[in-house]
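A.B. asks: So here's run_3.cif (mmCIF, C-alpha atoms and all ligand atoms).
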data_entry
loop_
_atom_site.group_PDB
_atom_site.id
_atom_site.type_symbol
_atom_site.label_atom_id
_atom_site.label_comp_id
_atom_site.auth_asym_id
_atom_site.auth_seq_id
_atom_site.Cartn_x
_atom_site.Cartn_y
_atom_site.Cartn_z
ATOM 1 C CA MET A 1 -161.898 59.516 75.128
ATOM 2 C CA ARG A 2 -160.961 56.309 73.332
ATOM 3 C CA THR A 3 -160.147 56.306 69.627
ATOM 4 C CA ASP A 4 -161.511 53.527 67.455
ATOM 5 C CA PRO A 5 -158.367 51.970 65.851
ATOM 6 C CA SER A 6 -160.251 51.389 62.610
ATOM 7 C CA MET A 7 -160.540 55.172 62.225
ATOM 8 C CA MET A 8 -156.746 55.356 61.937
ATOM 9 C CA GLU A 9 -156.482 52.818 59.151
ATOM 10 C CA PRO A 10 -157.291 55.155 56.231
ATOM 11 C CA LEU A 11 -154.746 57.648 57.554
ATOM 12 C CA LEU A 12 -152.044 55.025 58.070
ATOM 13 C CA GLY A 13 -152.867 53.637 54.642
ATOM 14 C CA THR A 14 -151.874 56.909 53.033
ATOM 15 C CA PHE A 15 -148.453 56.596 54.675
ATOM 16 C CA ALA A 16 -148.005 53.091 53.298
ATOM 17 C CA ASP A 17 -148.976 54.114 49.776
ATOM 18 C CA ARG A 18 -145.973 54.269 47.424
ATOM 19 C CA ALA A 19 -147.848 55.067 44.208
ATOM 20 C CA PRO A 20 -146.595 58.078 42.204
ATOM 21 C CA SER A 21 -149.088 60.908 42.096
ATOM 22 C CA GLY A 22 -147.680 62.112 38.756
ATOM 23 C CA ASP A 23 -146.819 60.281 35.542
ATOM 24 C CA GLY A 24 -143.836 58.444 37.083
ATOM 25 C CA LEU A 25 -141.616 59.514 34.189
ATOM 26 C CA ALA A 26 -139.067 61.718 36.005
ATOM 27 C CA ALA A 27 -136.215 59.734 34.446
ATOM 28 C CA ASP A 28 -137.213 61.261 31.100
ATOM 29 C CA ARG A 29 -136.806 64.793 32.469
ATOM 30 C CA SER A 30 -133.698 66.617 33.632
ATOM 31 C CA LEU A 31 -132.934 69.557 35.894
ATOM 32 C CA LEU A 32 -132.944 72.982 34.276
ATOM 33 C CA PRO A 33 -129.290 73.862 33.521
ATOM 34 C CA PHE A 34 -127.349 77.038 34.330
ATOM 35 C CA ALA A 35 -125.818 78.156 31.040
ATOM 36 C CA ASP A 36 -123.373 80.693 32.540
ATOM 37 C CA ALA A 37 -122.259 78.637 35.571
ATOM 38 C CA VAL A 38 -118.568 79.048 36.437
ATOM 39 C CA PRO A 39 -117.098 76.042 38.293
ATOM 40 C CA VAL A 40 -115.737 76.783 41.783
ATOM 41 C CA ASP A 41 -112.977 74.753 43.425
ATOM 42 C CA VAL A 42 -114.318 74.395 46.967
ATOM 43 C CA GLU A 43 -111.724 72.082 48.488
ATOM 44 C CA ALA A 44 -108.596 74.007 47.572
ATOM 45 C CA ARG A 45 -109.377 77.308 49.249
ATOM 46 C CA ALA A 46 -111.477 76.469 52.297
ATOM 47 C CA THR A 47 -109.830 76.364 55.709
ATOM 48 C CA GLY A 48 -111.535 76.229 59.101
ATOM 49 C CA SER A 49 -111.337 78.922 61.745
ATOM 50 C CA GLY A 50 -109.462 76.677 64.152
ATOM 51 C CA ARG A 51 -111.899 77.627 66.957
ATOM 52 C CA THR A 52 -114.476 74.914 66.373
ATOM 53 C CA LEU A 53 -116.717 73.747 69.241
ATOM 54 C CA ASP A 54 -117.557 70.044 69.503
ATOM 55 C CA LEU A 55 -121.165 68.892 69.137
ATOM 56 C CA HIS A 56 -121.924 68.978 72.859
ATOM 57 C CA ASP A 57 -120.610 72.506 73.318
ATOM 58 C CA THR A 58 -122.258 73.610 70.088
ATOM 59 C CA LEU A 59 -125.655 72.391 71.297
ATOM 60 C CA GLN A 60 -125.119 74.014 74.680
ATOM 61 C CA ALA A 61 -124.124 77.358 73.192
ATOM 62 C CA ARG A 62 -126.298 77.616 70.099
ATOM 63 C CA ARG A 63 -129.393 79.714 69.641
ATOM 64 C CA SER A 64 -131.135 81.315 66.709
ATOM 65 C CA THR A 65 -130.967 85.040 66.228
ATOM 66 C CA LEU A 66 -132.447 87.703 64.004
ATOM 67 C CA GLN A 67 -129.650 90.234 64.634
ATOM 68 C CA TYR A 68 -126.527 89.877 62.546
ATOM 69 C CA GLY A 69 -123.069 91.419 62.421
ATOM 70 C CA LYS A 70 -122.268 93.456 59.333
ATOM 71 C CA ALA A 71 -118.890 91.884 58.476
ATOM 72 C CA PRO A 72 -118.752 89.685 55.372
ATOM 73 C CA VAL A 73 -118.360 85.911 55.804
ATOM 74 C CA ARG A 74 -115.766 83.820 53.989
ATOM 75 C CA THR A 75 -117.784 82.223 51.227
ATOM 76 C CA ASP A 76 -115.254 79.403 50.736
ATOM 77 C CA LEU A 77 -116.025 78.177 54.222
ATOM 78 C CA ILE A 78 -119.767 78.290 53.615
ATOM 79 C CA LEU A 79 -119.431 76.421 50.303
ATOM 80 C CA ARG A 80 -117.283 73.789 51.982
ATOM 81 C CA TRP A 81 -119.706 73.206 54.851
ATOM 82 C CA VAL A 82 -122.695 73.084 52.523
ATOM 83 C CA ARG A 83 -120.941 70.595 50.314
ATOM 84 C CA GLU A 84 -119.871 68.446 53.258
ATOM 85 C CA ALA A 85 -123.500 68.343 54.450
ATOM 86 C CA LEU A 86 -124.649 67.259 50.993
ATOM 87 C CA VAL A 87 -121.936 64.595 50.759
ATOM 88 C CA ARG A 88 -123.094 63.227 54.124
ATOM 89 C CA ASP A 89 -126.680 63.214 52.852
ATOM 90 C CA ALA A 90 -125.685 61.307 49.706
ATOM 91 C CA ASP A 91 -123.553 58.781 51.616
ATOM 92 C CA ASP A 92 -125.893 58.234 54.581
ATOM 93 C CA TRP A 93 -129.135 57.816 52.651
ATOM 94 C CA GLY A 94 -127.788 56.279 49.441
ATOM 95 C CA LEU A 95 -130.887 57.548 47.646
ATOM 96 C CA ASP A 96 -129.468 59.913 45.034
ATOM 97 C CA ASP A 97 -130.075 57.533 42.115
ATOM 98 C CA ALA A 98 -133.574 56.509 43.245
ATOM 99 C CA CYS A 99 -134.980 59.719 44.733
ATOM 100 C CA GLY A 100 -132.722 62.378 43.221
ATOM 101 C CA PRO A 101 -129.823 64.279 44.825
ATOM 102 C CA LEU A 102 -130.214 67.353 47.015
ATOM 103 C CA GLU A 103 -128.893 70.668 45.723
ATOM 104 C CA ALA A 104 -128.166 73.853 47.654
ATOM 105 C CA PHE A 105 -127.988 77.492 46.621
ATOM 106 C CA VAL A 106 -125.850 79.927 48.578
ATOM 107 C CA PHE A 107 -126.953 83.548 48.346
ATOM 108 C CA ALA A 108 -123.674 85.183 49.393
ATOM 109 C CA LEU A 109 -124.806 88.733 50.133
ATOM 110 C CA ARG A 110 -121.733 89.988 52.076
ATOM 111 C CA SER A 111 -118.923 87.828 50.837
ATOM 112 C CA GLU A 112 -115.266 87.658 51.752
ATOM 113 C CA GLY A 113 -112.805 86.012 49.368
ATOM 114 C CA ARG A 114 -115.216 85.443 46.490
ATOM 115 C CA PRO A 115 -117.660 87.605 44.565
ATOM 116 C CA ALA A 116 -121.038 88.204 46.172
ATOM 117 C CA GLY A 117 -123.818 86.446 44.291
ATOM 118 C CA ILE A 118 -125.405 83.017 44.014
ATOM 119 C CA TYR A 119 -123.508 79.727 44.172
ATOM 120 C CA ARG A 120 -124.923 76.293 43.376
ATOM 121 C CA VAL A 121 -123.578 73.403 45.444
ATOM 122 C CA THR A 122 -124.098 69.659 45.123
ATOM 123 C CA ALA A 123 -122.290 66.710 46.705
ATOM 124 C CA ARG A 124 -120.087 66.596 43.602
ATOM 125 C CA GLU A 125 -119.521 70.154 42.446
ATOM 126 C CA ALA A 126 -119.958 73.850 43.074
ATOM 127 C CA SER A 127 -120.379 76.764 40.697
ATOM 128 C CA PHE A 128 -121.012 80.502 40.632
ATOM 129 C CA ILE A 129 -124.294 81.028 38.823
ATOM 130 C CA ALA A 130 -125.244 84.713 39.220
ATOM 131 C CA PRO A 131 -123.600 87.966 40.390
ATOM 132 C CA ALA A 132 -124.963 90.156 43.191
ATOM 133 C CA SER A 133 -126.479 92.479 40.570
ATOM 134 C CA ALA A 134 -128.856 89.663 39.577
ATOM 135 C CA VAL A 135 -129.997 89.297 43.192
ATOM 136 C CA GLY A 136 -130.588 93.035 43.688
ATOM 137 C CA ASP A 137 -132.123 94.046 47.011
ATOM 138 C CA PRO A 138 -132.546 90.810 49.028
ATOM 139 C CA ARG A 139 -135.601 92.339 50.741
ATOM 140 C CA SER A 140 -137.390 91.922 47.422
ATOM 141 C CA LEU A 141 -136.998 88.137 47.529
ATOM 142 C CA GLY A 142 -140.030 87.542 49.695
ATOM 143 C CA ILE A 143 -138.270 86.785 52.966
ATOM 144 C CA GLN A 144 -138.773 88.056 56.501
ATOM 145 C CA MET A 145 -137.072 91.498 56.733
ATOM 146 C CA GLU A 146 -134.444 90.418 59.281
ATOM 147 C CA PHE A 147 -133.211 87.592 57.075
ATOM 148 C CA ALA A 148 -132.195 90.061 54.350
ATOM 149 C CA ASP A 149 -129.636 91.424 56.883
ATOM 150 C CA GLY A 150 -127.765 88.118 57.052
ATOM 151 C CA ALA A 151 -124.348 87.831 55.400
ATOM 152 C CA GLY A 152 -125.953 85.105 53.330
ATOM 153 C CA ILE A 153 -128.724 82.547 52.960
ATOM 154 C CA VAL A 154 -128.478 78.862 52.117
ATOM 155 C CA THR A 155 -131.491 77.121 50.655
ATOM 156 C CA VAL A 156 -131.722 73.356 50.109
ATOM 157 C CA CYS A 157 -133.695 72.017 47.131
ATOM 158 C CA ALA A 158 -134.906 68.570 46.138
ATOM 159 C CA ASN A 159 -136.146 66.983 42.931
ATOM 160 C CA LEU A 160 -139.782 66.278 43.858
ATOM 161 C CA ASP A 161 -140.447 64.917 40.380
ATOM 162 C CA ALA A 162 -137.851 62.164 40.895
ATOM 163 C CA ALA A 163 -139.036 61.541 44.461
ATOM 164 C CA ASP A 164 -142.650 61.169 43.360
ATOM 165 C CA SER A 165 -141.764 58.831 40.504
ATOM 166 C CA TRP A 166 -139.804 56.753 42.994
ATOM 167 C CA THR A 167 -142.379 56.320 45.787
ATOM 168 C CA GLY A 168 -145.083 58.988 45.555
ATOM 169 C CA ALA A 169 -145.812 60.925 48.765
ATOM 170 C CA HIS A 170 -143.284 58.783 50.650
ATOM 171 C CA GLY A 171 -140.605 60.202 48.328
ATOM 172 C CA PHE A 172 -141.684 63.731 49.205
ATOM 173 C CA ARG A 173 -141.551 62.979 52.932
ATOM 174 C CA LEU A 174 -138.035 61.589 52.604
ATOM 175 C CA CYS A 175 -136.934 64.670 50.642
ATOM 176 C CA ALA A 176 -138.246 66.883 53.430
ATOM 177 C CA VAL A 177 -136.382 64.841 56.068
ATOM 178 C CA ARG A 178 -133.160 64.780 54.037
ATOM 179 C CA ALA A 179 -133.303 68.517 53.330
ATOM 180 C CA SER A 180 -133.908 69.235 57.029
ATOM 181 C CA MET A 181 -130.998 67.059 58.118
ATOM 182 C CA ALA A 182 -128.631 68.600 55.568
ATOM 183 C CA LEU A 183 -129.706 72.150 56.397
ATOM 184 C CA TYR A 184 -129.353 71.600 60.157
ATOM 185 C CA ASP A 185 -125.993 69.912 59.496
ATOM 186 C CA PHE A 186 -124.847 73.152 57.835
ATOM 187 C CA HIS A 187 -126.535 75.391 60.436
ATOM 188 C CA LEU A 188 -124.929 73.570 63.382
ATOM 189 C CA ARG A 189 -121.546 73.661 61.640
ATOM 190 C CA CYS A 190 -121.913 77.444 61.389
ATOM 191 C CA GLN A 191 -122.831 77.657 65.059
ATOM 192 C CA SER A 192 -119.881 75.434 66.021
ATOM 193 C CA ASP A 193 -117.625 77.992 64.351
ATOM 194 C CA ARG A 194 -119.361 80.827 66.248
ATOM 195 C CA LEU A 195 -121.309 82.157 63.307
ATOM 196 C CA ALA A 196 -124.916 83.210 63.827
ATOM 197 C CA GLY A 197 -127.955 82.149 61.840
ATOM 198 C CA THR A 198 -131.595 81.134 61.806
ATOM 199 C CA VAL A 199 -133.431 78.283 60.100
ATOM 200 C CA PHE A 200 -136.514 79.302 58.146
ATOM 201 C CA GLY A 201 -138.764 77.979 55.432
ATOM 202 C CA GLY A 202 -137.241 79.901 52.546
ATOM 203 C CA PHE A 203 -137.847 82.447 49.857
ATOM 204 C CA ILE A 204 -141.201 83.024 48.269
ATOM 205 C CA GLY A 205 -140.823 80.562 45.410
ATOM 206 C CA ALA A 206 -141.852 82.979 42.675
ATOM 207 C CA ALA A 207 -139.294 85.568 43.867
ATOM 208 C CA VAL A 208 -136.252 83.346 43.214
ATOM 209 C CA ARG A 209 -137.621 81.163 40.461
ATOM 210 C CA HIS A 210 -135.708 83.036 37.757
ATOM 211 C CA LEU A 211 -132.490 83.021 39.819
ATOM 212 C CA ILE A 212 -132.241 79.341 40.752
ATOM 213 C CA GLN A 213 -134.409 77.818 37.990
ATOM 214 C CA SER A 214 -136.784 76.383 40.584
ATOM 215 C CA ASP A 215 -139.806 75.145 38.697
ATOM 216 C CA GLY A 216 -141.295 73.719 41.906
ATOM 217 C CA VAL A 217 -141.089 70.194 40.590
ATOM 218 C CA THR A 218 -137.664 69.103 39.342
ATOM 219 C CA ARG A 219 -136.027 71.689 41.617
ATOM 220 C CA HIS A 220 -138.016 72.743 44.675
ATOM 221 C CA PRO A 221 -136.629 74.730 47.671
ATOM 222 C CA LEU A 222 -137.500 73.025 50.972
ATOM 223 C CA LEU A 223 -135.610 74.681 53.840
ATOM 224 C CA SER A 224 -133.221 77.607 54.337
ATOM 225 C CA ALA A 225 -130.957 79.241 56.899
ATOM 226 C CA THR A 226 -129.219 82.567 57.247
ATOM 227 C CA TYR A 227 -125.565 82.826 58.249
ATOM 228 C CA ALA A 228 -123.559 85.802 59.511
ATOM 229 C CA HIS A 229 -121.044 86.896 62.077
ATOM 230 C CA PRO A 230 -122.794 87.525 65.409
ATOM 231 C CA ALA A 231 -123.950 91.045 66.185
ATOM 232 C CA SER A 232 -121.486 92.520 68.691
HETATM 233 C C1 LIG B 301 -139.139 74.833 59.360
HETATM 234 C C2 LIG B 301 -138.846 76.048 60.197
HETATM 235 C C3 LIG B 301 -139.224 77.294 59.730
HETATM 236 C C4 LIG B 301 -138.977 78.436 60.498
HETATM 237 N N1 LIG B 301 -139.306 79.662 60.011
HETATM 238 C C5 LIG B 301 -139.025 80.772 60.725
HETATM 239 C C6 LIG B 301 -139.327 82.065 60.223
HETATM 240 O O1 LIG B 301 -139.861 82.213 59.127
HETATM 241 N N2 LIG B 301 -139.025 83.147 60.995
HETATM 242 C C7 LIG B 301 -138.426 83.007 62.220
HETATM 243 O O2 LIG B 301 -138.174 84.028 62.872
HETATM 244 N N3 LIG B 301 -138.156 81.785 62.734
HETATM 245 C C8 LIG B 301 -138.421 80.673 62.021
HETATM 246 N N4 LIG B 301 -138.124 79.432 62.527
HETATM 247 C C9 LIG B 301 -137.655 79.314 63.936
HETATM 248 C C10 LIG B 301 -136.177 79.546 64.148
HETATM 249 O O3 LIG B 301 -135.356 78.937 63.172
HETATM 250 C C11 LIG B 301 -135.734 78.942 65.508
HETATM 251 O O4 LIG B 301 -135.744 77.557 65.432
HETATM 252 C C12 LIG B 301 -136.624 79.382 66.643
HETATM 253 O O5 LIG B 301 -136.572 80.774 66.725
HETATM 254 C C13 LIG B 301 -136.163 78.711 67.963
HETATM 255 O O6 LIG B 301 -134.936 79.214 68.363
HETATM 256 P P1 LIG B 301 -133.685 78.249 68.647
HETATM 257 O O7 LIG B 301 -133.237 77.745 67.307
HETATM 258 O O8 LIG B 301 -132.681 79.140 69.307
HETATM 259 O O9 LIG B 301 -134.127 77.116 69.528
HETATM 260 C C14 LIG B 301 -138.357 78.304 61.777
HETATM 261 C C15 LIG B 301 -137.982 77.030 62.228
HETATM 262 C C16 LIG B 301 -138.213 75.914 61.447
HETATM 263 C C17 LIG B 301 -137.774 74.561 61.970
#
Now, as a test, write the supplied structure out as structure tokens.
C.D. replies:
Amino acid sequence: MRTDPSMMEPLLGTFADRAPSGDGLAADRSLLPFADAVPVDVEARATGSGRTLDLHDTLQARRSTLQYGKAPVRTDLILRWVREALVRDADDWGLDDACGPLEAFVFALRSEGRPAGIYRVTAREASFIAPASAVGDPRSLGIQMEFADGAGIVTVCANLDAADSWTGAHGFRLCAVRASMALYDFHLRCQSDRLAGTVFGGFIGAAVRHLIQSDGVTRHPLLSATYAHPAS
């Protein structure tokens, strides 16, 4: 069956459109703050395992899994890798001023070296924003049961308000691509250090809204991954 090219034009037109779908005034709004955030010095305390696979061997060896070891994971390492992924995003795309920076939240459920709880990470800073008691039972956060057994979960958020003001739906598409690249950057780094994990969409938005101040507009979770030691 042949497709009439003119039928594709309306569809392709929507991809070319750069008009904001909202009021275009994101610059007048700011991200919801975290009043009790305690700054965390990521660089000073994070050291690698010294057993890191290169990219080729990582890709050969990696696979997703829904079974996780019970040992806690060093949260300093996770914070460092998340931050490195976000720095690469900021440097590679150069879009933080136009489209808004990515942010990540680390739900450190079984944590070694730092308190369990929620950490906020950007390319520039990291902070501890909520203790484990605020998270409660991770199974109540609207995630697939197996994911609550991970040592932790990283979720990457974007500012869709800024992206829309910048270039409408195109801004959203770029946020989705950037978040995917940053999340897979982190996920592959975990796998290269022989940690386990699985990429997944994320929490039910309403379940973590109060924890990470995600209003779905200025701060919207786009993609997540578990991390843990492998099940033996
Ligand atoms: C956007 C996205 C969402 C996903 N969501 C889930 C999920 O909710 N539950 C799940 O078991 N796997 C989910 N997966 C699939 C796993 O992360 C994994 O990619 C899949 O099991 C293939 O295994 P592999 O990574 O070893 O190739 C998702 C993958 C992507 C890319």
A.B. asks: Could the residues that lie within 7 Å of ligand LIG 301 (chain B), counting only C-alpha atoms and all ligand atoms, be listed as a PyMOL selection string?
C.D. replies: chain A and resi 62-66+144+198-201+223
A.B. asks: Could you give me, as JSON lines, every range 61-102 of chain A residue with an atom at most 8 Å from range 146-163 of chain A, plus its closest atom pair and distance in Å to one decimal, counting all atoms listed in the file, rows ordered by chain then number?
C.D. replies:
{"residue": "A:Leu66", "atom": "CA", "partner": "A:Glu146", "partner_atom": "CA", "distance": 5.8}
{"residue": "A:Gln67", "atom": "CA", "partner": "A:Glu146", "partner_atom": "CA", "distance": 7.2}
{"residue": "A:Tyr68", "atom": "CA", "partner": "A:Gly150", "partner_atom": "CA", "distance": 5.9}
{"residue": "A:Gly69", "atom": "CA", "partner": "A:Gly150", "partner_atom": "CA", "distance": 7.9}
{"residue": "A:Lys70", "atom": "CA", "partner": "A:Ala151", "partner_atom": "CA", "distance": 7.2}
{"residue": "A:Ala71", "atom": "CA", "partner": "A:Ala151", "partner_atom": "CA", "distance": 7.5}
{"residue": "A:Pro72", "atom": "CA", "partner": "A:Ala151", "partner_atom": "CA", "distance": 5.9}
{"residue": "A:Val73", "atom": "CA", "partner": "A:Ala151", "partner_atom": "CA", "distance": 6.3}
{"residue": "A:Ala98", "atom": "CA", "partner": "A:Ala162", "partner_atom": "CA", "distance": 7.5}
{"residue": "A:Cys99", "atom": "CA", "partner": "A:Ala163", "partner_atom": "CA", "distance": 4.5}
{"residue": "A:Gly100", "atom": "CA", "partner": "A:Ala162", "partner_atom": "CA", "distance": 5.6}
{"residue": "A:Pro101", "atom": "CA", "partner": "A:Ala158", "partner_atom": "CA", "distance": 6.8}
{"residue": "A:Leu102", "atom": "CA", "partner": "A:Ala158", "partner_atom": "CA", "distance": 4.9}
A.B. asks: Looking at only C-alpha atoms, which of A:Asp91, A:Asp76, A:Asp97, A:Asp17 is the one that sits closest to Phe128 in chain A?
C.D. replies: A:Asp76
A.B. asks: Find the residue from A:Gly205, A:Ala231, A:Arg194, A:Pro138 that sits nearest to Thr58 in chain A; use only C-alpha atoms when measuring.
C.D. replies: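 Going through A:Gly205, A:Ala231, A:Arg194, A:Pro138 one by one, the smallest distance to Thr58 in chain A is for A:Arg194.
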A.B. asks: Can you sort out the box for range 179-190 of chain A, edges along x, y and z, all listed atoms in, 8 Å on every side, with centre and edge lengths in Å to one decimal, as AutoDock Vina command-line options?
C.D. replies:
--center_x -127.7 --center_y 72.3 --center_z 58.4 --size_x 28.4 --size_y 26.4 --size_z 26.1
A.B. asks: In Å, how far is it from CA of Val87 in chain A to CA of Ala179 in chain A?
C.D. replies: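 Pair CA of Val87 in chain A / CA of Ala179 in chain A returns 12.3 Å.
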